[in-house]
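What follows is data_27.cif (mmCIF, C-alpha atoms).
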```cif
data_final
#
loop_
_atom_site.label_atom_id
_atom_site.label_comp_id
_atom_site.auth_asym_id
_atom_site.auth_seq_id
_atom_site.Cartn_x
_atom_site.Cartn_y
_atom_site.Cartn_z
CA MET A 1331 -18.49 -11.49 -2.25
CA THR A 1332 -16.41 -10.42 0.73
CA THR A 1333 -13.47 -8.30 1.77
CA ASP A 1334 -12.88 -10.44 4.88
CA HIS A 1335 -9.85 -12.65 4.26
CA ASN A 1336 -10.60 -15.11 7.07
CA LEU A 1337 -14.24 -15.50 6.04
CA SER A 1338 -13.22 -16.24 2.47
CA LYS A 1339 -10.80 -18.94 3.70
CA VAL A 1340 -13.60 -20.62 5.70
CA ALA A 1341 -15.92 -20.49 2.70
CA GLU A 1342 -13.24 -21.98 0.43
CA ALA A 1343 -12.63 -24.79 2.95
CA LEU A 1344 -16.35 -25.57 2.75
CA GLY A 1345 -16.24 -25.57 -1.04
CA VAL A 1346 -18.14 -22.32 -1.49
CA PRO A 1347 -16.70 -20.11 -4.26
CA VAL A 1348 -16.00 -16.63 -2.93
CA PRO A 1349 -15.19 -13.69 -5.20
CA ARG A 1350 -12.93 -11.31 -3.26
CA LEU A 1351 -13.28 -7.59 -3.71
CA ASN A 1352 -9.58 -7.19 -2.91
CA ASP A 1353 -8.65 -9.43 -5.85
CA LEU A 1354 -10.75 -7.28 -8.18
CA ALA A 1355 -9.19 -4.09 -6.81
CA ALA A 1356 -5.70 -5.58 -7.25
CA ALA A 1357 -6.39 -6.09 -10.94
CA PHE A 1358 -6.86 -2.31 -11.34
CA ARG A 1359 -3.81 -1.18 -9.34
CA LEU A 1360 -1.00 0.49 -11.18
CA PRO A 1361 2.10 -1.69 -11.14
CA ILE A 1362 4.79 -0.24 -8.89
CA GLY A 1363 8.23 -1.74 -8.50
CA VAL A 1364 11.55 -1.16 -6.81
CA GLY A 1365 13.32 1.87 -8.29
CA ASP A 1366 10.14 3.56 -9.56
CA GLU A 1367 10.04 7.30 -9.01
CA ILE A 1368 6.62 8.61 -8.03
CA GLN A 1369 5.08 11.50 -6.14
CA VAL A 1370 2.92 11.05 -3.06
CA ARG A 1371 1.21 13.41 -0.61
CA LEU A 1372 2.48 12.71 2.89
CA VAL A 1373 -0.32 12.95 5.44
CA LYS A 1374 0.90 11.67 8.82
CA GLN A 1375 3.80 10.44 10.94
CA GLY A 1376 4.93 6.85 10.48
CA ARG A 1377 5.39 4.27 13.22
CA GLU A 1378 9.15 4.83 13.47
CA ALA A 1379 10.83 8.16 14.16
CA GLY A 1380 11.30 10.29 11.05
CA GLN A 1381 8.92 8.27 8.85
CA ALA A 1382 5.99 9.79 7.01
CA VAL A 1383 2.98 8.02 5.51
CA GLY A 1384 1.06 8.79 2.35
CA TYR A 1385 -1.42 6.92 0.17
CA LEU A 1386 -1.61 6.20 -3.54
CA ASP A 1387 -4.86 6.86 -5.41
CA ASP A 1388 -5.86 3.20 -4.99
CA GLY A 1389 -5.42 3.36 -1.19
CA THR A 1390 -2.02 1.69 -1.04
CA MET A 1391 -0.07 2.90 2.00
CA VAL A 1392 3.38 4.36 1.30
CA VAL A 1393 5.91 4.64 4.14
CA VAL A 1394 8.74 7.09 3.42
CA GLU A 1395 11.96 7.12 5.47
CA ALA A 1396 13.40 10.41 6.77
CA ALA A 1397 10.41 12.41 5.53
CA GLY A 1398 8.72 13.50 8.74
CA GLU A 1399 9.37 17.17 8.02
CA ARG A 1400 7.55 16.91 4.68
CA ILE A 1401 4.15 15.96 6.04
CA GLY A 1402 1.46 17.96 4.29
CA SER A 1403 3.34 18.21 1.00
CA ASP A 1404 3.51 16.33 -2.29
CA THR A 1405 6.91 14.68 -2.25
CA PRO A 1406 8.93 12.89 -4.96
CA ILE A 1407 10.05 9.46 -3.75
CA VAL A 1408 11.88 6.35 -4.97
CA VAL A 1409 10.33 2.95 -4.21
CA ARG A 1410 12.72 0.63 -2.36
CA ASN A 1411 10.38 -2.25 -1.48
CA VAL A 1412 6.83 -3.43 -2.17
CA ILE A 1413 5.25 -5.95 0.17
CA LYS A 1414 2.18 -7.82 -1.03
CA THR A 1415 -0.22 -9.09 1.63
CA ALA A 1416 -3.50 -10.98 1.52
CA THR A 1417 -5.35 -7.68 1.86
CA GLY A 1418 -3.30 -5.48 -0.46
CA ARG A 1419 0.20 -4.09 -0.59
CA MET A 1420 2.48 -1.67 1.20
CA VAL A 1421 5.15 0.44 -0.42
CA PHE A 1422 8.34 1.51 1.34
CA ALA A 1423 10.31 4.39 -0.15
CA ASN A 1424 13.10 6.91 0.29
CA LEU A 1425 13.11 10.59 -0.62
CA GLN A 1426 14.22 11.26 -4.16
#
```
Kindly present the structure from the file in structure tokens form.
Amino acid sequence: MTTDHNLSKVAEALGVPVPRLNDLAAAFRLPIGVGDEIQVRLVKQGREAGQAVGYLDDGTMVVVEAAGERIGSDTPIVVRNVIKTATGRMVFANLQ
């Protein structure tokens, strides 16, 4: 078992079955889609000016536009995009 995406690809190329911890974790994530209204605690500045970042209970990062002044608070948001990657997902949202 591994959480290393590249290592699992090498093992698969060699014909070694590799259970991925990320796949198991994904099976337990709550489904979140565009338009969903949720609440998230914003904990730090985002990469771009005015953004704030929070995390869902499962560790999914949530980037919220125009929310920099709300860092440190639980904030209602509306999901505008969900990006799935090999290692998890990222949620992009706007203030509600």
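Going from atom CA of Ala1396 of chain A to atom CA of Ala1379 of chain A covers 8.1 Å.
Between Asp1404 of chain A and the residues A:Met1420, A:Met1391, A:Leu1386, A:Met1331, the shortest atom-to-atom distance, using only C-alpha atoms, involves A:Leu1386.
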Residues within 12 Å of Val1392 of chain A, please, as a ChimeraX atom specification. Count only C-alpha atoms; anything in the same chain fewer than 2 positions from it doesn't count. /A:1362,1368-1376,1381-1390,1394-1395,1397,1405-1413,1419-1425
Interatomic distance, atom CA of Ala1357 of chain A to atom CA of Glu1342 of chain A (Å, one decimal): 20.7 Å
Pull out every residue that the PyMOL selection byres ((chain A and resi 1416) around 10) matches in the shown coordinates and put them as an MDAnalysis selection string. chainID A and resid 1334:1336 1352:1353 1414:1415 1417:1419
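Nearest residue to Gly1380 of chain A, choosing from A:Leu1337, A:Pro1347, A:Gly1365, A:Ile1401 and counting only C-alpha atoms: A:Ile1401.
Put simply, atom CA of Arg1359 of chain A is 18.6 Å away from atom CA of Thr1332 of chain A.
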